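Asks: My questions all concern the structure below.
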Amino acid sequence: MSHTDSTSPILSTRVRVQNDENGDLISKLPDEILTNILSELHIDEAVTCSVLSKRWEGLWKQTSHIEFDVNHMIIPMTKLLHSRALFPHPGFFLSKSKAEGVYRYGSVVFQLTRLHTGDISSCRIVHFQNSLSTGEVGIWVDLLVERKKCLKDLSLKCLPGLREISKLEISKAHFRCGVFDCLGSLEFINYTIDFGYAFENCKRLKTLKLKWTHLDDETLSGILENCEALESLSLIHSTGLATLIIRNSKLKVLHIHALWVDELGIYTPNLDVLSLDSTRCLLQNVSIYAPCLNTFRSYNYYILFARLSSFEEERSILRSHKVLSHWGDHLSALLSFNAFITSLHD
């Protein structure tokens with residue numbers, strides 16, 4: 001037997017001992033770093049890390065960000081009754097066990113929120129439509145704002161309804177009056193916004209994002225009136241608006257994307273950035289007052305206008321060169337401030 005062969009078991013044992021001693025370096029990191037890592041995960045993944053070792057047990061309760069995603073939490077737990085080839089989106093058809101899992105989702109969100117003992121600064125919740133009809137979303141938000149005084153950023157996204165769960169085609173959200181008054185940033189995706197009362201006394205809200213939402217002129221006007229400190233507003237693929245009038249003295253950033261309105265009025269003396277993305281409105285019905293505007297962006301995408309049925313409708317599309325020519329005297333001052341102007345034509 002060679003010298004190498006005779007010592008190899010000893011060497012391999014020594015290597016194993018070193019690996020055992022130094023292998024789990026992550027667990028030796030401070031709690032602050034570990035909770036920051038867990039904050040980047042979905043809540044179910046963060047909770048699962050508790051089984052790794054006693055060192056990780058309960059650390060998820062101290063995360064600063066918490067994210068509930070029904071797709072991530074429910075879909076991996078059960079299987080679709082039919083293949084995804086027939087039903088490309090997992091929400092179209094659910095097995096009985098999967099539907100029961102969605103029902104349990106509301107309870108899981110509630111219980112994990114109660115068990116969390118740290119300061120949450122931001123939260124994102126993705127849920128199915130049935131959570132609106134049952135009032136669960138309002139309960140979650142109440143629990144968050146009451147128990148988590150440090151909560152500043154909240155994002156709520158509603159997924160399409162499930163025919164196995166709810167027969168309601170349209171479900172409305174129910175929130176407590178003034179429930180959003182502690183937030184600094186708020187986002188709604190796929191919501192019917194008919195709860196303007198929830199924005200009462202929202203004097204701290206600085207960022208509001210409404211994506212794929214439905215709301216009327218009166219509701220939006222009431223929201224803007226209540227949100228005195230609003231600095232950034234995004235209206236993306238929102239419907240129900242006929243006359244879009246935005247009056248806000250503190251607004252600095254405004255993104256309007258894929259809106260079809262009869263009248264557009266922007267009266268924002270401190271506006272710095274204005275983005276009109278694929279917006280339809282007759283130019284003569286557009287009014288802009290933004291003396292501090294520094295950046296103007298205008299994008300037009302052909303795919304959005306494929307539905308237009310007449311040349312007259314196509315003429316109503318706002319394009320940057322038309323806006324500039326119509327508001328030349330006002331916007332010419334922007335060029336001296338190196339305004340960024342872009343236009344993509346179909």
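Naming scheme: A, B, ... for chains in displayed order of the structure tokens; residues 1 onward per chain; ligands 1 onward as shown.
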Using 7 Å as the limit and counting only C-alpha atoms, can you tabulate each residue of region 248-271 of chain A that touches region 286-298 of chain A, with its shortest atom-to-atom distance in Å and the two atoms involved, as JSON lines?

Replies:
{"residue": "A:Glu263", "atom": "CA", "partner": "A:Val286", "partner_atom": "CA", "distance": 6.1}
{"residue": "A:Leu264", "atom": "CA", "partner": "A:Val286", "partner_atom": "CA", "distance": 4.8}
{"residue": "A:Gly265", "atom": "CA", "partner": "A:Ser287", "partner_atom": "CA", "distance": 4.7}
{"residue": "A:Ile266", "atom": "CA", "partner": "A:Ile288", "partner_atom": "CA", "distance": 4.8}
{"residue": "A:Tyr267", "atom": "CA", "partner": "A:Tyr289", "partner_atom": "CA", "distance": 4.7}
{"residue": "A:Thr268", "atom": "CA", "partner": "A:Ala290", "partner_atom": "CA", "distance": 5.2}
{"residue": "A:Pro269", "atom": "CA", "partner": "A:Ala290", "partner_atom": "CA", "distance": 4.9}
{"residue": "A:Asn270", "atom": "CA", "partner": "A:Cys292", "partner_atom": "CA", "distance": 5.4}
{"residue": "A:Leu271", "atom": "CA", "partner": "A:Leu293", "partner_atom": "CA", "distance": 5.4}

Asks: Using only C-alpha atoms, determine which residues lie at most 10 Å from region 51-67 of chain A, disregarding the query and same-chain residues fewer than 2 positions distant; provide the list as number ranges by chain.

Replies: A: 27-28, 31-32, 34-49, 69-70, 109, 112-126, 150-151, 153, 155
